[in-house]
file upload36.pdb (PDB, C-alpha atoms and all ligand atoms)
ATOM      1  CA  MET A   1       0.567   7.799  20.879
ATOM      2  CA  ALA A   2       4.290   8.336  21.088
ATOM      3  CA  LEU A   3       5.931   8.862  17.760
ATOM      4  CA  THR A   4       9.001   6.772  17.104
ATOM      5  CA  ALA A   5       9.304   7.427  13.424
ATOM      6  CA  GLN A   6      12.819   7.124  12.206
ATOM      7  CA  LEU A   7      14.034   8.233   8.848
ATOM      8  CA  SER A   8      16.867   6.488   7.126
ATOM      9  CA  ALA A   9      17.885   6.297   3.525
ATOM     10  CA  PHE A  10      18.970   3.191   1.684
ATOM     11  CA  THR A  11      20.624   3.012  -1.663
ATOM     12  CA  GLU A  12      21.166  -0.739  -1.591
ATOM     13  CA  ALA A  13      18.590  -3.485  -1.479
ATOM     14  CA  VAL A  14      17.284  -4.220   2.012
ATOM     15  CA  ASP A  15      16.407  -7.862   2.423
ATOM     16  CA  ARG A  16      16.077  -7.968  -1.346
ATOM     17  CA  ILE A  17      13.255  -5.418  -1.198
ATOM     18  CA  ARG A  18      14.334  -2.343  -3.098
ATOM     19  CA  ILE A  19      13.072   0.778  -1.353
ATOM     20  CA  SER A  20      14.062   4.432  -1.490
ATOM     21  CA  SER A  21      13.690   5.205   2.195
ATOM     22  CA  SER A  22      11.886   4.109   5.331
ATOM     23  CA  VAL A  23       9.759   6.116   7.726
ATOM     24  CA  TRP A  24       8.766   3.801  10.544
ATOM     25  CA  THR A  25       5.385   4.180  12.193
ATOM     26  CA  ASP A  26       3.734   2.939  15.389
ATOM     27  CA  ASN A  27       0.613   2.021  13.414
ATOM     28  CA  PHE A  28       1.075  -1.730  13.211
ATOM     29  CA  GLY A  29       0.631  -4.897  15.222
ATOM     30  CA  PRO A  30       1.609  -8.556  15.139
ATOM     31  CA  ARG A  31       0.334 -10.923  12.501
ATOM     32  CA  PRO A  32      -1.533 -13.949  13.863
ATOM     33  CA  ARG A  33       0.862 -16.684  14.914
ATOM     34  CA  GLY A  34       2.136 -18.707  11.994
ATOM     35  CA  VAL A  35       0.578 -16.466   9.328
ATOM     36  CA  VAL A  36       2.822 -15.287   6.504
ATOM     37  CA  PRO A  37       1.743 -12.719   3.927
ATOM     38  CA  SER A  38       0.270 -14.286   0.797
ATOM     39  CA  LEU A  39      -1.742 -11.382  -0.624
ATOM     40  CA  LEU A  40      -0.651  -8.012  -2.013
ATOM     41  CA  ILE A  41      -3.274  -5.261  -1.787
ATOM     42  CA  ILE A  42      -2.910  -2.177  -3.985
ATOM     43  CA  HIS A  43      -4.368   1.129  -2.790
ATOM     44  CA  SER A  44      -4.354   4.735  -3.898
ATOM     45  CA  ILE A  45      -4.135   7.742  -1.614
ATOM     46  CA  SER A  46      -3.337  11.444  -1.784
ATOM     47  CA  LEU A  47      -3.816  14.209   0.757
ATOM     48  CA  PRO A  48      -5.611  16.444   0.215
ATOM     49  CA  PRO A  49      -7.215  14.156  -2.413
ATOM     50  CA  GLY A  50      -5.768  14.852  -5.848
ATOM     51  CA  GLN A  51      -2.792  16.862  -4.596
ATOM     52  CA  TYR A  52       0.525  15.118  -5.088
ATOM     53  CA  GLY A  53       4.043  15.563  -3.782
ATOM     54  CA  GLY A  54       3.365  16.868  -0.282
ATOM     55  CA  PRO A  55       4.244  15.364   3.116
ATOM     56  CA  GLU A  56       0.645  14.741   4.241
ATOM     57  CA  VAL A  57       0.454  10.986   3.524
ATOM     58  CA  GLU A  58       3.621  10.324   5.517
ATOM     59  CA  GLN A  59       2.210  12.535   8.247
ATOM     60  CA  LEU A  60      -1.054  10.575   8.284
ATOM     61  CA  PHE A  61       0.761   7.250   8.529
ATOM     62  CA  THR A  62       2.938   8.549  11.393
ATOM     63  CA  ASN A  63       0.140  10.280  13.322
ATOM     64  CA  THR A  64       1.629  13.726  12.759
ATOM     65  CA  LEU A  65      -0.922  15.176  10.335
ATOM     66  CA  ASP A  66      -2.323  18.558  11.366
ATOM     67  CA  TRP A  67      -6.051  17.854  11.186
ATOM     68  CA  ASP A  68      -6.804  21.578  10.995
ATOM     69  CA  ALA A  69      -4.499  22.234   8.036
ATOM     70  CA  HIS A  70      -7.157  21.474   5.399
ATOM     71  CA  PRO A  71     -10.968  21.161   5.513
ATOM     72  CA  TYR A  72     -10.808  17.600   4.110
ATOM     73  CA  PHE A  73      -8.739  16.445   7.063
ATOM     74  CA  GLN A  74     -11.749  16.959   9.341
ATOM     75  CA  SER A  75     -13.331  13.915   7.694
ATOM     76  CA  ILE A  76     -10.412  11.696   8.662
ATOM     77  CA  ARG A  77      -9.538  13.313  12.010
ATOM     78  CA  GLY A  78      -8.037  10.803  14.411
ATOM     79  CA  LEU A  79      -7.682   8.086  11.801
ATOM     80  CA  GLN A  80      -4.823   5.703  12.596
ATOM     81  CA  VAL A  81      -3.760   3.835   9.483
ATOM     82  CA  SER A  82      -0.651   2.634   7.743
ATOM     83  CA  ALA A  83       0.601   0.648   4.800
ATOM     84  CA  HIS A  84       3.789  -1.293   4.370
ATOM     85  CA  PHE A  85       4.786   0.764   1.314
ATOM     86  CA  PHE A  86       3.943   4.079  -0.341
ATOM     87  CA  ILE A  87       4.948   4.673  -3.964
ATOM     88  CA  ARG A  88       5.136   8.314  -4.967
ATOM     89  CA  ARG A  89       4.336   9.657  -8.444
ATOM     90  CA  THR A  90       8.083   9.712  -9.088
ATOM     91  CA  GLY A  91       8.414   5.989  -8.372
ATOM     92  CA  GLU A  92      10.062   6.591  -4.983
ATOM     93  CA  VAL A  93       9.239   3.697  -2.636
ATOM     94  CA  ILE A  94       8.882   4.523   1.070
ATOM     95  CA  GLN A  95       8.452   1.757   3.650
ATOM     96  CA  PHE A  96       6.499   2.365   6.861
ATOM     97  CA  VAL A  97       5.965  -1.111   8.323
ATOM     98  CA  ASP A  98       8.132  -4.215   8.289
ATOM     99  CA  CYS A  99       6.426  -6.895   6.209
ATOM    100  CA  GLU A 100       6.681  -9.293   9.157
ATOM    101  CA  HIS A 101       4.173  -7.062  10.949
ATOM    102  CA  ARG A 102       0.503  -6.344  10.313
ATOM    103  CA  ALA A 103      -0.202  -2.892   8.878
ATOM    104  CA  TRP A 104      -3.579  -1.159   9.064
ATOM    105  CA  HIS A 105      -4.657  -0.597   5.463
ATOM    106  CA  ALA A 106      -7.510  -2.878   4.397
ATOM    107  CA  GLY A 107     -10.009  -2.519   7.255
ATOM    108  CA  GLN A 108     -13.043  -4.784   7.095
ATOM    109  CA  SER A 109     -12.211  -7.012   4.171
ATOM    110  CA  VAL A 110     -12.399 -10.500   2.706
ATOM    111  CA  TRP A 111     -10.603 -12.294  -0.099
ATOM    112  CA  GLN A 112     -11.843 -15.634  -1.433
ATOM    113  CA  GLY A 113     -13.860 -16.160   1.726
ATOM    114  CA  ARG A 114     -10.971 -15.409   4.080
ATOM    115  CA  PRO A 115     -11.704 -12.352   6.270
ATOM    116  CA  ASN A 116      -9.410  -9.786   7.893
ATOM    117  CA  CYS A 117      -7.031  -9.286   4.995
ATOM    118  CA  ASN A 118      -4.639  -7.202   7.088
ATOM    119  CA  ASP A 119      -3.678 -10.410   8.880
ATOM    120  CA  TYR A 120      -2.182 -12.020   5.776
ATOM    121  CA  SER A 121      -1.528  -9.210   3.319
ATOM    122  CA  ILE A 122       1.016  -6.547   2.459
ATOM    123  CA  GLY A 123      -0.437  -3.116   1.746
ATOM    124  CA  ILE A 124       0.992  -0.968  -1.034
ATOM    125  CA  GLU A 125      -0.300   2.583  -1.413
ATOM    126  CA  LEU A 126       0.162   4.430  -4.690
ATOM    127  CA  GLU A 127       0.125   8.199  -4.588
ATOM    128  CA  GLY A 128      -2.964   8.843  -6.646
ATOM    129  CA  LEU A 129      -6.698   9.231  -6.773
ATOM    130  CA  GLU A 130      -9.550   6.896  -7.666
ATOM    131  CA  GLY A 131     -10.346   7.571 -11.298
ATOM    132  CA  ASP A 132      -7.044   9.267 -12.018
ATOM    133  CA  THR A 133      -4.305   7.474 -13.901
ATOM    134  CA  PHE A 134      -0.922   6.535 -12.476
ATOM    135  CA  GLU A 135       2.608   7.285 -13.599
ATOM    136  CA  LEU A 136       4.735   4.828 -15.534
ATOM    137  CA  ALA A 137       7.441   5.249 -12.884
ATOM    138  CA  GLN A 138       4.954   3.996 -10.317
ATOM    139  CA  TYR A 139       4.171   0.865 -12.347
ATOM    140  CA  HIS A 140       7.860   0.065 -12.726
ATOM    141  CA  ALA A 141       8.486   0.564  -9.001
ATOM    142  CA  LEU A 142       5.379  -1.439  -8.114
ATOM    143  CA  ALA A 143       6.275  -4.333 -10.420
ATOM    144  CA  THR A 144       9.784  -4.494  -8.962
ATOM    145  CA  LEU A 145       8.377  -4.388  -5.447
ATOM    146  CA  CYS A 146       5.861  -7.152  -6.245
ATOM    147  CA  GLN A 147       8.632  -9.338  -7.619
ATOM    148  CA  ASP A 148      10.877  -8.666  -4.619
ATOM    149  CA  LEU A 149       8.071  -9.545  -2.230
ATOM    150  CA  ALA A 150       7.163 -12.699  -4.154
ATOM    151  CA  ARG A 151      10.749 -13.905  -3.805
ATOM    152  CA  ARG A 152      10.483 -13.491  -0.056
ATOM    153  CA  TYR A 153       6.875 -14.564   0.620
ATOM    154  CA  PRO A 154       4.452 -17.076  -0.940
ATOM    155  CA  ILE A 155       2.404 -14.430  -2.725
ATOM    156  CA  GLU A 156      -0.693 -16.005  -4.285
ATOM    157  CA  HIS A 157      -2.592 -12.948  -5.495
ATOM    158  CA  VAL A 158      -2.264  -9.223  -6.072
ATOM    159  CA  VAL A 159      -5.558  -7.355  -5.889
ATOM    160  CA  GLY A 160      -6.992  -3.911  -5.298
ATOM    161  CA  HIS A 161      -8.548  -2.620  -2.101
ATOM    162  CA  GLU A 162     -11.757  -2.475  -4.154
ATOM    163  CA  HIS A 163     -11.616  -6.259  -4.561
ATOM    164  CA  VAL A 164     -11.357  -7.085  -0.852
ATOM    165  CA  ALA A 165     -13.864  -4.446   0.308
ATOM    166  CA  PRO A 166     -16.289  -4.216  -2.626
ATOM    167  CA  GLY A 167     -18.840  -1.452  -2.323
ATOM    168  CA  ARG A 168     -17.007   0.114   0.610
ATOM    169  CA  LYS A 169     -13.681   0.888  -1.065
ATOM    170  CA  HIS A 170     -12.972   1.834  -4.680
ATOM    171  CA  ASP A 171      -9.206   2.214  -4.859
ATOM    172  CA  PRO A 172      -7.000   2.080  -6.786
ATOM    173  CA  GLY A 173      -9.924   2.547  -9.177
ATOM    174  CA  PRO A 174     -10.602   2.405 -12.912
ATOM    175  CA  GLY A 175      -7.522   4.468 -13.773
ATOM    176  CA  PHE A 176      -5.201   1.704 -12.624
ATOM    177  CA  ASP A 177      -3.858  -0.408 -15.492
ATOM    178  CA  TRP A 178      -3.844  -4.005 -14.238
ATOM    179  CA  ALA A 179      -2.795  -5.327 -17.631
ATOM    180  CA  LEU A 180       0.318  -3.162 -17.503
ATOM    181  CA  LEU A 181       1.177  -4.445 -14.039
ATOM    182  CA  GLN A 182       0.676  -7.994 -15.278
ATOM    183  CA  GLN A 183       2.926  -7.321 -18.261
ATOM    184  CA  LEU A 184       5.673  -5.738 -16.150
ATOM    185  CA  THR A 185       5.629  -8.504 -13.532
ATOM    186  CA  GLY A 186       5.281 -11.284 -16.066
ATOM    187  CA  TRP A 187       2.830 -12.946 -13.697
ATOM    188  CA  PRO A 188      -0.082 -15.102 -14.904
ATOM    189  CA  ALA A 189      -3.561 -13.595 -15.039
ATOM    190  CA  GLN A 190      -4.660 -16.051 -12.360
ATOM    191  CA  ARG A 191      -2.566 -14.166  -9.831
ATOM    192  CA  PHE A 192      -4.800 -11.098 -10.201
ATOM    193  CA  ALA A 193      -8.410 -10.460  -9.294
ATOM    194  CA  PRO A 194     -10.723 -12.075 -11.884
ATOM    195  CA  ALA A 195     -12.608  -8.793 -12.216
ATOM    196  CA  VAL A 196      -9.702  -6.908 -13.777
ATOM    197  CA  PHE A 197      -9.285  -8.946 -16.964
TER
HETATM  198 ZN    ZN B 201      -7.306   1.582   0.130
END
call {"tool": "encode", "arguments": {"input": "upload36.pdb", "output": "C-alpha cells"}}
result
Amino acid sequence: MALTAQLSAFTEAVDRIRISSSVWTDNFGPRPRGVVPSLLIIHSISLPPGQYGGPEVEQLFTNTLDWDAHPYFQSIRGLQVSAHFFIRRTGEVIQFVDCEHRAWHAGQSVWQGRPNCNDYSIGIELEGLEGDTFELAQYHALATLCQDLARRYPIEHVVGHEHVAPGRKHDPGPGFDWALLQQLTGWPAQRFAPAVF
C-alpha cells in the first residue's frame, strides 16, 4: 500500500482538538453513512511490548515497520491497524486518522449490544503495556483530549478495549486508573464502563 504519511506540527488547537503533531496514515476507511462517533475506546500499545519512546508504533500505524527488526514483530507481521490518537508517556498527542473517518483499532467488538465499534468510535492508544501503570502526563493529555472530543461529538461512553472485546483483548489493563480519568474529566461514572467502578 502506498504510504502517504505526512508529518506536520501544530502548536495551536486544531478544530478544538489539542494535539502535538499529526502523522497521517492510509489505514482508515469511511464511517457508515450518517454515523457520528459516540464512543471513546482506550487502548495501550508499545513496540516491542514494554519498550517506550521509540518510533515503532508510528511505523506500525503507517505500514513502515520493519517486521524483521525484532522477534516479536513476527507475530504481528502484515498487520494493518491504526488509531485516531496515540498518547506517548510524555503526554505528547499524535493524531493518525481524522475523527470523521473510521480507524482500525477495535477489531471484532461490541458495546451495549451494538457490534463493530470501529464504525462509531474514536480510538485512543496510550503508550503502555497491559498491567503496567501509566504516566500522569498521559492522564492529563487524555482527559483534555476526551473533553475536546466531547465538545465536538456526542460522546456517550469512554471504555477500554477490554470492555468491547472481553476475553479477546485486555488493554489498557488493570494498571489503568479509571477513577483518575473520571476525576480529571469531571464526567459522571455512568459515562464509563460499569466494570471499572
Ligand atoms: Zn487495544
call {"tool": "closest_residue", "arguments": {"input": "upload36.pdb", "among": "A:Ser109, A:Gln95, A:Gln190, A:Ser21", "to": "Ile41 in chain A", "atoms": "only C-alpha atoms"}}
result
A:Ser109
call {"tool": "residues_around", "arguments": {"input": "upload36.pdb", "residues": "Phe85 in chain A", "least_positions_apart": "2", "cutoff": "7 Å", "atoms": "all atoms listed in the file", "output": "MDAnalysis selection string"}}
result
chainID A and resid 83 87 93:96 123:125
call {"tool": "closest_residue", "arguments": {"input": "upload36.pdb", "among": "A:Ser44, A:Asn27, A:Leu60, A:Arg168", "to": "Thr133 in chain A", "atoms": "all atoms listed in the file"}}
result
A:Ser44
call {"tool": "resolve_selection", "arguments": {"input": "upload36.pdb", "expression": "the PyMOL selection byres (((chain A and resi 173) around 8) and not hetatm)", "output": "ChimeraX atom specification"}}
result
/A:44,129-132,162,170-172,174-176
call {"tool": "atom_distance", "arguments": {"input": "upload36.pdb", "atom1": "CA of Leu126 in chain A", "atom2": "CA of Phe86 in chain A"}}
result
5.8 Å
call {"tool": "closest_residue", "arguments": {"input": "upload36.pdb", "among": "A:Val196, A:Val36, A:Ile42, A:Ala103", "to": "ligand ZN 201 (chain B)", "atoms": "all atoms listed in the file"}}
result
A:Ile42
call {"tool": "closest_residue", "arguments": {"input": "upload36.pdb", "among": "A:Lys169, A:His84, A:Arg151, A:Arg31", "to": "ligand ZN 201 (chain B)", "atoms": "only C-alpha atoms and all ligand atoms"}}
result
A:Lys169
call {"tool": "closest_residue", "arguments": {"input": "upload36.pdb", "among": "A:Ser75, A:Asn116, A:Thr185, A:Asn63", "to": "Leu149 in chain A", "atoms": "all atoms listed in the file"}}
result
A:Thr185
call {"tool": "residues_around", "arguments": {"input": "upload36.pdb", "residues": "range 45-48 of chain A", "least_positions_apart": "2", "cutoff": "8 Å", "atoms": "only C-alpha atoms", "output": "PyMOL selection string"}}
result
chain A and resi 43+50-52+54+56-57+70+72-73+125-129
call {"tool": "write_last_selection", "arguments": {"input": "upload36.pdb", "atoms": "C-alpha atoms", "output": "compact mmCIF listing (two decimals), in the coordinates of the input"}}
result
# COMPACT_ATOMS: atom_id res chain seq x y z
CA HIS A 43 -4.37 1.13 -2.79
CA GLY A 50 -5.77 14.85 -5.85
CA GLN A 51 -2.79 16.86 -4.60
CA TYR A 52 0.52 15.12 -5.09
CA GLY A 54 3.36 16.87 -0.28
CA GLU A 56 0.64 14.74 4.24
CA VAL A 57 0.45 10.99 3.52
CA HIS A 70 -7.16 21.47 5.40
CA TYR A 72 -10.81 17.60 4.11
CA PHE A 73 -8.74 16.44 7.06
CA GLU A 125 -0.30 2.58 -1.41
CA LEU A 126 0.16 4.43 -4.69
CA GLU A 127 0.12 8.20 -4.59
CA GLY A 128 -2.96 8.84 -6.65
CA LEU A 129 -6.70 9.23 -6.77
call {"tool": "closest_residue", "arguments": {"input": "upload36.pdb", "among": "A:Trp104, A:Trp67, A:Phe28, A:Phe197", "to": "ligand ZN 201 (chain B)", "atoms": "all atoms listed in the file"}}
result
A:Trp104
call {"tool": "atom_distance", "arguments": {"input": "upload36.pdb", "atom1": "CA of Glu135 in chain A", "atom2": "CA of Pro71 in chain A"}}
result
27.2 Å
call {"tool": "residues_around", "arguments": {"input": "upload36.pdb", "residues": "Val159 in chain A", "least_positions_apart": "5", "cutoff": "8 Å", "atoms": "all atoms listed in the file", "output": "PyMOL selection string"}}
result
chain A and resi 39-42+164+192-193
call {"tool": "atom_distance", "arguments": {"input": "upload36.pdb", "atom1": "CA of Ile155 in chain A", "atom2": "CA of Trp187 in chain A"}}
result
11.1 Å
call {"tool": "residues_around", "arguments": {"input": "upload36.pdb", "residues": "Pro154 in chain A", "least_positions_apart": "5", "cutoff": "12 Å", "atoms": "only C-alpha atoms", "output": "list of chain:residue names"}}
result
A:Val35, A:Val36, A:Pro37, A:Ser38, A:Leu39, A:Leu40, A:Tyr120, A:Ser121, A:Ile122, A:Cys146, A:Gln147, A:Asp148, A:Leu149, A:Arg191
